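Below is entry13.cif, which holds mmCIF, C-alpha atoms.
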data_final
#
loop_
_atom_site.label_atom_id
_atom_site.label_comp_id
_atom_site.auth_asym_id
_atom_site.auth_seq_id
_atom_site.Cartn_x
_atom_site.Cartn_y
_atom_site.Cartn_z
CA MET A 1 -2.55 62.99 50.16
CA ALA A 2 -0.37 64.66 47.52
CA TYR A 3 0.33 62.64 44.44
CA LYS A 4 3.88 61.33 44.35
CA PRO A 5 4.95 59.99 40.99
CA GLN A 6 6.61 56.60 40.98
CA TYR A 7 7.99 57.00 37.41
CA GLY A 8 8.14 53.28 36.74
CA PRO A 9 8.25 49.77 38.15
CA GLY A 10 11.20 47.44 38.45
CA THR A 11 14.00 46.50 40.78
CA SER A 12 16.88 46.21 38.31
CA VAL A 13 19.56 48.81 37.67
CA VAL A 14 17.87 49.58 34.33
CA ALA A 15 14.60 50.43 36.08
CA GLU A 16 16.50 52.50 38.62
CA ASN A 17 18.25 54.45 35.85
CA ARG A 18 14.96 55.05 34.05
CA ARG A 19 13.43 56.48 37.23
CA LYS A 20 16.53 58.55 37.88
CA GLN A 21 16.43 60.16 34.44
CA MET A 22 12.71 60.85 34.66
CA ASN A 23 12.69 62.29 38.15
CA PRO A 24 13.29 66.06 37.82
CA ASN A 25 14.38 66.23 41.46
CA GLN A 26 17.35 64.01 40.73
CA LYS A 27 20.30 65.91 39.34
CA LEU A 28 21.81 64.16 36.35
CA GLU A 29 25.52 63.50 36.60
CA LYS A 30 27.58 65.80 34.39
CA VAL A 31 30.05 63.69 32.45
CA ARG A 32 31.58 66.01 29.86
CA SER A 33 31.56 69.64 28.93
CA VAL A 34 30.75 71.02 25.51
CA THR A 35 30.75 74.76 24.80
CA ASP A 36 27.64 76.64 23.68
CA GLU A 37 29.29 77.36 20.34
CA ASP A 38 29.94 73.65 19.79
CA ILE A 39 26.28 72.89 20.44
CA VAL A 40 25.23 75.53 17.91
CA LEU A 41 27.62 74.02 15.36
CA ILE A 42 26.31 70.48 15.82
CA LEU A 43 22.68 71.63 15.64
CA GLY A 44 23.39 73.56 12.44
CA HIS A 45 20.34 75.83 12.68
CA ARG A 46 22.21 79.16 12.82
CA ALA A 47 25.77 80.42 12.56
CA PRO A 48 27.49 80.70 15.97
CA GLY A 49 27.30 84.22 17.30
CA SER A 50 24.49 85.30 14.97
CA ALA A 51 21.22 86.65 16.32
CA TYR A 52 18.30 84.29 16.78
CA PRO A 53 15.99 84.60 13.78
CA THR A 54 12.44 85.18 14.89
CA ALA A 55 9.08 83.77 13.91
CA HIS A 56 7.09 86.59 15.51
CA PRO A 57 7.80 89.81 17.42
CA PRO A 58 8.73 89.48 21.11
CA LEU A 59 5.68 88.95 23.33
CA ALA A 60 6.40 92.21 25.17
CA GLU A 61 5.89 94.15 21.95
CA GLN A 62 2.69 92.36 21.07
CA GLN A 63 -0.81 93.11 22.21
CA GLU A 64 -1.67 89.94 24.07
CA PRO A 65 -5.35 89.12 24.30
CA ASP A 66 -6.84 89.04 27.76
CA CYS A 67 -6.62 85.32 28.36
CA PRO A 68 -6.56 83.61 31.77
CA MET A 69 -4.40 80.78 30.39
CA ARG A 70 -1.72 83.21 29.25
CA LYS A 71 -1.65 84.70 32.73
CA LEU A 72 -1.31 81.25 34.23
CA VAL A 73 1.41 79.86 31.95
CA LYS A 74 4.65 81.78 31.91
CA PRO A 75 6.35 81.72 28.48
CA THR A 76 9.82 80.22 28.13
CA GLU A 77 12.72 82.50 27.19
CA GLY A 78 12.52 81.41 23.56
CA ALA A 79 8.78 82.01 23.36
CA LYS A 80 9.17 85.39 25.01
CA ALA A 81 11.67 86.44 22.34
CA GLY A 82 9.65 84.97 19.48
CA ASP A 83 12.30 82.44 18.37
CA ARG A 84 11.77 79.94 15.57
CA VAL A 85 10.98 76.35 16.49
CA ARG A 86 13.98 74.11 15.82
CA TYR A 87 14.94 70.54 16.68
CA ILE A 88 17.53 68.09 17.88
CA GLN A 89 17.28 64.40 17.14
CA PHE A 90 19.09 61.51 18.79
CA ALA A 91 19.64 57.95 17.63
CA ASP A 92 20.41 55.55 20.49
CA SER A 93 22.15 52.23 20.01
CA MET A 94 20.44 49.21 21.51
CA PHE A 95 23.84 48.09 22.79
CA ASN A 96 23.45 49.83 26.14
CA ALA A 97 23.18 53.44 25.04
CA PRO A 98 22.47 55.41 28.22
CA SER A 99 19.07 56.63 27.04
CA GLN A 100 16.48 55.32 24.63
CA PRO A 101 13.80 57.08 22.55
CA TYR A 102 10.79 56.51 24.84
CA GLN A 103 12.94 57.13 27.85
CA ARG A 104 14.12 60.42 26.35
CA THR A 105 10.57 61.59 25.77
CA TYR A 106 9.46 60.73 29.28
CA THR A 107 12.54 62.41 30.71
CA GLU A 108 12.13 65.56 28.66
CA MET A 109 8.44 65.84 29.47
CA TYR A 110 9.28 65.73 33.17
CA ARG A 111 12.29 68.04 33.01
CA PHE A 112 11.77 70.60 30.24
CA ARG A 113 9.09 73.13 29.32
CA GLY A 114 7.65 74.15 25.97
CA ILE A 115 8.79 71.08 24.04
CA ASP A 116 7.26 68.83 21.39
CA PRO A 117 8.98 65.45 21.33
CA GLY A 118 8.49 62.85 18.62
CA THR A 119 9.32 59.27 19.48
CA LEU A 120 10.21 56.49 17.05
CA SER A 121 11.78 53.08 17.52
CA GLY A 122 15.36 54.13 16.99
CA ARG A 123 15.36 57.87 17.15
CA GLN A 124 13.77 60.64 19.11
CA ILE A 125 13.32 64.22 18.04
CA VAL A 126 12.48 67.15 20.26
CA GLU A 127 11.31 70.47 18.92
CA CYS A 128 11.15 73.75 20.78
CA ARG A 129 12.10 77.40 20.56
CA GLU A 130 15.69 77.83 19.42
CA ARG A 131 17.27 79.29 22.52
CA ASP A 132 15.46 76.81 24.75
CA LEU A 133 16.64 74.06 22.44
CA GLU A 134 20.26 75.04 22.83
CA LYS A 135 19.91 75.02 26.61
CA TYR A 136 18.18 71.63 26.64
CA SER A 137 20.60 70.17 24.08
CA LYS A 138 23.51 71.15 26.27
CA GLU A 139 21.94 69.32 29.17
CA LEU A 140 21.18 66.26 27.06
CA ILE A 141 24.72 66.10 25.67
CA GLU A 142 26.73 66.94 28.78
CA THR A 143 25.01 64.63 31.23
CA GLU A 144 24.86 60.89 31.63
CA MET A 145 22.11 60.67 28.99
CA PHE A 146 24.72 60.82 26.25
CA ASP A 147 27.58 58.62 25.12
CA PRO A 148 29.80 59.80 22.26
CA ALA A 149 30.01 56.34 20.66
CA LEU A 150 26.54 54.92 21.20
CA VAL A 151 24.36 58.01 20.85
CA GLY A 152 24.26 59.92 17.60
CA ILE A 153 22.98 63.44 17.04
CA ARG A 154 21.32 62.88 13.71
CA GLY A 155 18.79 65.13 12.06
CA ALA A 156 18.38 62.84 9.04
CA THR A 157 19.60 59.40 7.89
CA VAL A 158 19.54 57.99 11.38
CA HIS A 159 19.91 54.29 10.47
CA GLY A 160 22.14 52.41 12.90
CA HIS A 161 20.49 51.99 16.30
CA SER A 162 19.83 48.26 15.88
CA LEU A 163 22.95 47.36 13.93
CA ARG A 164 26.05 45.72 15.26
CA LEU A 165 28.68 48.21 16.38
CA ALA A 166 31.78 48.88 14.33
CA GLU A 167 35.10 47.40 15.36
CA ASP A 168 36.07 50.52 17.27
CA GLY A 169 32.78 50.47 19.19
CA MET A 170 31.05 53.26 17.26
CA MET A 171 27.42 52.97 16.21
CA PHE A 172 26.99 52.72 12.44
CA ASP A 173 26.37 56.05 10.75
CA MET A 174 25.99 56.19 7.00
CA LEU A 175 27.01 59.84 7.00
CA GLN A 176 29.85 59.40 9.52
CA ARG A 177 29.02 62.57 11.40
CA ASN A 178 31.21 61.60 14.32
CA VAL A 179 34.58 59.90 14.16
CA LEU A 180 36.69 58.30 16.84
CA GLY A 181 40.13 59.91 16.65
CA ASP A 182 43.47 58.25 17.42
CA ASP A 183 43.47 60.11 20.74
CA GLY A 184 40.31 58.23 21.75
CA ILE A 185 38.10 61.32 21.57
CA VAL A 186 34.97 61.38 19.45
CA LYS A 187 34.64 64.43 17.23
CA TYR A 188 31.72 65.64 15.18
CA VAL A 189 32.93 66.51 11.69
CA LYS A 190 29.45 67.14 10.30
CA ASN A 191 26.41 68.84 11.74
CA GLN A 192 23.32 66.81 12.56
CA ILE A 193 22.01 66.76 8.99
CA GLY A 194 25.38 65.77 7.48
CA GLU A 195 26.86 69.05 6.29
CA PRO A 196 30.62 69.26 6.94
CA LEU A 197 31.66 71.56 9.79
CA ASP A 198 34.42 74.15 9.49
CA ARG A 199 36.09 72.67 12.54
CA ALA A 200 35.68 69.37 14.34
CA VAL A 201 33.66 69.47 17.56
CA ALA A 202 34.96 67.20 20.32
CA VAL A 203 32.36 65.52 22.52
CA GLY A 204 34.65 63.49 24.73
CA LYS A 205 35.73 59.89 25.11
CA PRO A 206 33.33 56.98 24.75
CA MET A 207 32.33 55.56 28.11
CA ASP A 208 33.61 52.12 29.07
CA GLN A 209 31.50 48.97 29.16
CA LYS A 210 31.22 48.93 32.94
CA TRP A 211 29.86 52.47 33.04
CA LEU A 212 27.48 51.80 30.17
CA LYS A 213 26.09 48.71 31.85
CA ALA A 214 25.61 50.61 35.09
CA HIS A 215 23.84 53.51 33.31
CA ALA A 216 21.80 51.56 30.75
CA THR A 217 18.10 52.24 30.34
CA ILE A 218 17.49 49.35 27.96
CA TYR A 219 17.20 45.69 28.78
CA HIS A 220 19.51 43.53 26.68
CA SER A 221 20.15 39.92 27.56
CA LEU A 222 23.46 39.73 25.69
CA VAL A 223 25.28 42.91 26.67
CA GLY A 224 23.39 44.16 29.71
CA THR A 225 20.60 43.31 32.11
CA ALA A 226 18.10 40.72 30.86
CA TYR A 227 14.47 41.81 30.91
CA ARG A 228 13.30 38.54 32.43
CA ASP A 229 15.58 39.10 35.42
CA ASP A 230 13.42 42.02 36.49
CA THR A 231 10.36 40.16 37.71
CA GLU A 232 8.61 43.25 39.05
CA TYR A 233 8.81 44.94 35.66
CA ILE A 234 7.51 41.81 33.91
CA GLU A 235 4.66 41.50 36.38
CA TYR A 236 3.67 45.15 35.78
CA VAL A 237 3.79 44.87 31.99
CA GLN A 238 1.80 41.63 32.10
CA ARG A 239 -0.82 43.27 34.28
CA ILE A 240 -1.21 46.19 31.86
CA HIS A 241 -1.33 43.79 28.92
CA SER A 242 -3.95 41.63 30.59
CA LEU A 243 -6.14 44.59 31.60
CA ARG A 244 -6.10 46.24 28.20
CA THR A 245 -6.82 42.94 26.46
CA LYS A 246 -9.78 42.28 28.72
CA TYR A 247 -11.00 45.81 28.19
CA GLY A 248 -10.95 45.15 24.45
CA PHE A 249 -13.92 42.84 25.06
CA MET A 250 -15.78 45.64 26.91
CA PRO A 251 -16.69 43.53 29.93
CA LYS A 252 -20.04 44.48 31.53
CA GLU A 253 -21.25 43.71 34.99
CA GLU A 254 -24.61 41.96 34.71
CA MET B 1 22.08 31.93 -9.05
CA THR B 2 21.91 29.31 -6.36
CA ASN B 3 22.51 25.73 -7.25
CA ALA B 4 21.22 23.46 -4.51
CA ALA B 5 24.15 21.12 -5.04
CA PHE B 6 26.58 23.60 -3.54
CA PRO B 7 26.58 24.38 0.18
CA GLN B 8 26.45 27.97 1.32
CA LEU B 9 27.63 29.60 4.49
CA ARG B 10 28.00 33.03 5.93
CA ILE B 11 30.51 34.55 8.26
CA VAL B 12 28.89 37.00 10.67
CA PRO B 13 31.30 38.84 12.97
CA VAL B 14 29.68 40.47 16.02
CA ARG B 15 31.29 43.77 15.04
CA MET B 16 31.08 45.33 11.61
CA LEU B 17 34.45 45.27 9.92
CA LYS B 18 36.70 48.11 8.94
CA PRO B 19 37.95 47.98 5.34
CA GLU B 20 41.44 46.93 6.50
CA THR B 21 40.09 43.99 8.49
CA ALA B 22 37.75 43.05 5.67
CA GLU B 23 40.70 43.12 3.28
CA ARG B 24 42.67 40.73 5.49
CA LEU B 25 39.68 38.43 5.89
CA LEU B 26 38.91 38.33 2.17
CA ASN B 27 42.55 37.75 1.25
CA MET B 28 42.60 34.86 3.69
CA LEU B 29 39.46 33.45 2.08
CA ALA B 30 40.84 34.02 -1.43
CA ASP B 31 43.55 31.49 -0.67
CA VAL B 32 40.99 28.79 0.10
CA ALA B 33 40.43 26.50 -2.87
CA GLY B 34 36.82 25.57 -3.46
CA ILE B 35 35.02 28.87 -2.92
CA ARG B 36 32.79 29.41 -5.93
CA ARG B 37 31.17 32.71 -5.16
CA MET B 38 31.47 35.28 -2.43
CA MET B 39 29.30 38.21 -1.47
CA ILE B 40 29.97 41.11 0.88
CA HIS B 41 26.89 42.25 2.73
CA GLY B 42 26.27 45.24 4.98
CA PRO B 43 24.65 48.65 5.29
CA GLY B 44 25.38 51.01 2.41
CA LEU B 45 27.69 54.01 2.43
CA PRO B 46 26.39 56.26 -0.36
CA LYS B 47 28.57 58.78 -2.16
CA VAL B 48 26.02 61.55 -1.72
CA VAL B 49 23.59 62.21 1.10
CA PRO B 50 20.44 60.37 -0.09
CA TYR B 51 17.80 62.30 1.81
CA GLY B 52 17.20 64.99 4.40
CA PRO B 53 17.92 68.71 4.12
CA ALA B 54 21.50 68.01 2.91
CA ARG B 55 20.32 65.71 0.12
CA GLY B 56 22.64 65.58 -2.87
CA SER B 57 25.72 66.94 -1.08
CA PRO B 58 28.87 64.79 -1.04
CA ASN B 59 29.20 62.26 1.75
CA PRO B 60 32.85 61.69 2.66
CA HIS B 61 33.21 58.44 4.63
CA SER B 62 36.50 56.87 5.68
CA ASP B 63 35.14 53.32 5.29
CA ARG B 64 34.15 53.70 1.66
CA LYS B 65 37.36 52.86 -0.10
CA ALA B 66 38.95 50.36 -2.44
CA ILE B 67 40.48 47.20 -1.03
CA ARG B 68 42.74 44.73 -2.79
CA VAL B 69 41.83 41.07 -2.70
CA ALA B 70 44.29 38.76 -4.46
CA ASP B 71 44.68 40.34 -7.90
CA ALA B 72 41.42 42.27 -7.90
CA GLU B 73 40.47 45.69 -6.61
CA ILE B 74 37.10 45.96 -4.90
CA ALA B 75 35.53 49.36 -4.34
CA LEU B 76 33.64 48.90 -1.09
CA ARG B 77 30.35 50.70 -0.96
CA VAL B 78 29.05 49.03 2.18
CA GLN B 79 30.32 48.63 5.70
CA VAL B 80 31.23 44.95 5.79
CA GLY B 81 28.69 43.26 8.04
CA MET B 82 28.95 39.70 6.78
CA VAL B 83 30.47 37.60 4.05
CA ILE B 84 28.32 35.03 2.24
CA LEU B 85 30.07 32.16 0.51
CA GLU B 86 29.09 29.39 -1.88
CA VAL B 87 31.57 26.54 -1.73
CA GLU B 88 32.24 23.33 -3.64
CA ASP B 89 31.59 20.87 -0.81
CA ALA B 90 31.29 20.49 2.96
CA SER B 91 35.02 20.02 3.50
CA VAL B 92 35.59 23.65 2.47
CA ILE B 93 33.23 24.79 5.21
CA GLU B 94 35.45 23.17 7.82
CA GLU B 95 38.51 24.79 6.30
CA VAL B 96 36.84 28.21 6.39
CA ARG B 97 35.77 27.58 9.97
CA SER B 98 39.27 26.75 11.15
CA LEU B 99 40.68 29.82 9.38
CA CYS B 100 38.02 32.09 10.89
CA ASP B 101 38.63 30.65 14.37
CA GLY B 102 42.18 31.92 14.06
CA PHE B 103 41.17 35.20 12.46
CA PHE B 104 38.51 36.50 14.85
CA VAL B 105 40.41 36.84 18.09
CA GLU B 106 39.34 40.29 19.30
CA PHE B 107 35.63 39.63 18.98
CA PRO B 108 33.59 36.50 18.22
CA TYR B 109 31.86 35.56 15.00
CA LEU B 110 29.15 33.18 13.81
CA LEU B 111 29.49 30.77 10.95
CA GLN B 112 26.08 29.80 9.68
CA GLU B 113 25.19 27.23 7.05
CA GLY B 114 22.05 27.61 4.97
CA ARG B 115 20.83 29.19 1.77
CA PHE B 116 21.74 32.85 1.57
CA MET B 117 21.82 33.63 -2.15
CA LYS B 118 19.01 34.11 -4.65
CA THR B 119 17.50 30.91 -5.99
CA ALA B 120 15.77 32.39 -9.04
CA PRO B 121 16.16 35.55 -11.09
CA THR B 122 13.72 38.25 -10.02
CA LEU B 123 11.77 40.47 -12.35
CA VAL B 124 14.43 43.15 -11.98
CA ASP B 125 17.18 40.64 -12.85
CA TYR B 126 15.20 39.64 -15.92
CA ALA B 127 14.72 43.24 -16.98
CA LYS B 128 18.39 44.01 -16.47
CA TYR B 129 20.14 40.89 -17.76
CA GLY B 130 17.54 39.36 -20.09
CA PRO B 131 16.46 35.73 -20.42
CA ASP B 132 19.92 34.34 -21.25
CA ALA B 133 21.78 35.85 -18.33
CA ASP B 134 24.78 34.09 -16.83
CA THR B 135 23.15 32.40 -13.84
CA SER B 136 26.38 32.34 -11.86
CA LEU B 137 26.32 36.13 -11.68
CA ILE B 138 22.71 36.58 -10.68
CA GLY B 139 22.27 37.37 -7.02
CA LEU B 140 25.82 38.61 -6.53
CA THR B 141 25.16 42.29 -7.17
CA ASP B 142 22.26 44.63 -6.92
CA PRO B 143 20.70 44.67 -10.41
CA ARG B 144 19.58 48.25 -9.90
CA ASN B 145 23.17 49.30 -9.52
CA GLY B 146 25.46 49.54 -12.54
CA GLU B 147 28.30 47.63 -10.91
CA SER B 148 29.17 44.12 -11.98
CA PRO B 149 30.74 41.39 -9.81
CA VAL B 150 34.50 41.28 -9.32
CA VAL B 151 36.33 38.18 -10.52
CA ILE B 152 39.15 37.13 -8.23
CA ARG B 153 41.78 34.94 -9.85
CA THR B 154 44.09 33.07 -7.53
CA LYS B 155 47.12 30.97 -8.23
CA GLN B 156 45.51 27.57 -7.67
#
Can you give me the file's structure in the form of structure tokens?
Amino acid sequence: MAYKPQYGPGTSVVAENRRKQMNPNQKLEKVRSVTDEDIVLILGHRAPGSAYPTAHPPLAEQQEPDCPMRKLVKPTEGAKAGDRVRYIQFADSMFNAPSQPYQRTYTEMYRFRGIDPGTLSGRQIVECRERDLEKYSKELIETEMFDPALVGIRGATVHGHSLRLAEDGMMFDMLQRNVLGDDGIVKYVKNQIGEPLDRAVAVGKPMDQKWLKAHATIYHSLVGTAYRDDTEYIEYVQRIHSLRTKYGFMPKEE
Amino acid sequence: MTNAAFPQLRIVPVRMLKPETAERLLNMLADVAGIRRMMIHGPGLPKVVPYGPARGSPNPHSDRKAIRVADAEIALRVQVGMVILEVEDASVIEEVRSLCDGFFVEFPYLLQEGRFMKTAPTLVDYAKYGPDADTSLIGLTDPRNGESPVVIRTKQ
């Protein structure tokens, strides 16, 4: 029988959303549109319209060694062209941001190729070839995995994911890369490392509480779904915890 | 420095305050007789980017600005997360509570009683202010920072 991934346990809406994001066969809902140039500006790795700097000559111009693995694995567009490896990093508020660091890594591993994610408690970075990165970033920003107020694109000084929100509902950002305008639209005024942009980049309106609760991938007893309400999830985590604890004692059958 | 004879409390709104709201809140508190010391607490908003590839470049932030409380000007360098107060006696706590109940209408707040200020000078305080430091000022500002506390004079 062919292996069919289950992605994760749980019966709550949070568990459902986690599975939905991870499952590459499920199309993620497109919520906003951001132009390619805007993405390049926010990332801040190259000037919009400039050529991709390269780390090595294109693969077609190189003498590739005769390697069965290279025949098996097709290179991504970025690898083919010899692009540099660049990154995007997200900080996700615990107050119902639509994706969370671990969740992001799982999702990206299922959906994207040629990536190297790094996961921390409040932020998640993904590295890959530059032109692949721009394509993936667009997907991560335009779909339901992003919220202009609760998700920050932050290359450095990411502090804020566990803090209380500001009065206007924005996640704290020491560098104030994104601001909520009077028109209700969030605009990036700095690139992800905090350098001012020549023009503000609009990323749309913050989603409302109802939408956020329905698309959350984090359990939160105060503003969302309580973890203890998802008994199947608890049962699964307890089982894993119990098994790994017992294994710590290296049980032997006599 | 903390004197155990005086009760302390802190006002913790569930949202972090904008400078304008903080200004209104602090002006309201400045009118209360019996507040000995007050401290604004929250995550910092540095003038320059402290680390990362853009380290050292200016960091414009709309929430880092001066507010006016009673007759004093306070240059905010944090996003106001909570306000810690040391008051003369327990009756002031109730007064602060009733004022805050009227103030925080758009989102809730917590008013907690306990000990929130330093009880003894630390090594850094000692190095900065010496052995004969004014104990009422210790614990109000970061000794590593050059800024001194602001004195608010009210009409009472």
Exercise. Residues picked by the PyMOL selection byres ((chain A) within 8 of (chain B)) here, as a list in words?
Worked result: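 Taken on the displayed file, the PyMOL selection byres ((chain A) within 8 of (chain B)) yields the residues Gly155, Ala156, Thr157, Arg164, Leu165, Ala166, Glu167, Met174, Leu175, Gln176, Ile193, Gly194 and Glu195 of chain A.
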For this session: Using the chain letters and residue numbers of this document, give as number ranges by chain the residues selected by the PyMOL selection byres ((chain B and resi 152) around 9).
Result: B: 30, 69-73, 150-151, 153-154
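With atom CA of A:Leu197 on one side and atom CA of A:Ile39 on the other, the separation reads 12.0 Å.
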Identify all residues satisfying the PyMOL selection byres ((chain A and resi 53) around 10) in the given file; provide them as a compact mmCIF listing (two decimals) with C-alpha atoms, in the coordinates of the input.
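After the write, part-v7.txt holds the following:
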# COMPACT_ATOMS: atom_id res chain seq x y z
CA HIS A 45 20.34 75.83 12.68
CA ARG A 46 22.21 79.16 12.82
CA SER A 50 24.49 85.30 14.97
CA ALA A 51 21.22 86.65 16.32
CA TYR A 52 18.30 84.29 16.78
CA THR A 54 12.44 85.18 14.89
CA ALA A 55 9.08 83.77 13.91
CA HIS A 56 7.09 86.59 15.51
CA ALA A 81 11.67 86.44 22.34
CA GLY A 82 9.65 84.97 19.48
CA ASP A 83 12.30 82.44 18.37
CA ARG A 84 11.77 79.94 15.57
CA GLU A 130 15.69 77.83 19.42
For this session: Please provide the set of residues having any atom within 7 Å of stretch 132-141 of chain B, restricted to only C-alpha atoms, with same-chain residues fewer than 3 positions apart removed, written as an MDAnalysis selection string.
Result: chainID B and resid 1 39 117:118 121 129 148:149
Problem set entry | Coordinates-based distance that separates atom CA of A:Lys138 from atom CA of A:Gly78 (Å, one decimal) |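 For atom CA of A:Gly78 relative to atom CA of A:Lys138, the distance reads 15.3 Å.
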For this session: Just give me the gap between atom CA of A:Gly152 and atom CA of A:Asp92 in Å, one decimal is fine.
Result: 6.5 Å
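If all atoms listed in the file are the atoms counted, then among B:Asn27, B:Gln8, B:Ser91, B:Asn145 the closest residue to B:Lys128 is B:Asn145.
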For this session: Just give me the residues with any atom within 10 Å of (11.2, 55.0, 25.4), file coordinates, counting only C-alpha atoms, written as a ChimeraX atom specification.
Result: /A:18,99-107,119-124,217-218
Where is the centre and how long are the edges: axis-aligned box on stretch 18-26 of chain A, 3 Å on each side, Å to one decimal, as AutoDock Vina command-line options:
--center_x 15.0 --center_y 60.6 --center_z 37.8 --size_x 10.7 --size_y 17.2 --size_z 13.4
Exercise. So which one's closest to A:Ser162, A:Ala202, A:Leu140, A:Ile185, A:Ala91? Using all atoms listed in the file, please.
Worked result: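 So, comparing all the options, the nearest one is A:Ala91.
Nearest to A:Phe95 of all the residues A:Ser242, A:Ser221, A:Thr231, A:Gln63 is A:Ser221, based on only C-alpha atoms.
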For this session: May I ask which of the residues A:Pro117, A:Pro196, A:Pro65, A:Gly204 is the closest one to A:Asp183, counting all atoms listed in the file?
Result: A:Gly204
For this session: Using only C-alpha atoms, determine which residues lie at most 6 Å from stretch 82-85 of chain B, disregarding the query and same-chain residues fewer than 2 positions distant; provide the list as a VMD selection string.
Result: chain B and resid 8 to 12 37 to 41 80
Problem set entry | Polymer residues at most 12 Å from A:Pro75, all atoms listed in the file, same-chain spacing of 2 or more positions, as a list in words |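 Final neighbour list, sorted by chain and number: Pro58, Leu59, Ala60, Met69, Arg70, Lys71, Leu72, Val73, Glu77, Gly78, Ala79, Lys80, Ala81, Gly82, Asp83, Arg113, Gly114, Ile115, Arg129 and Asp132 of chain A.
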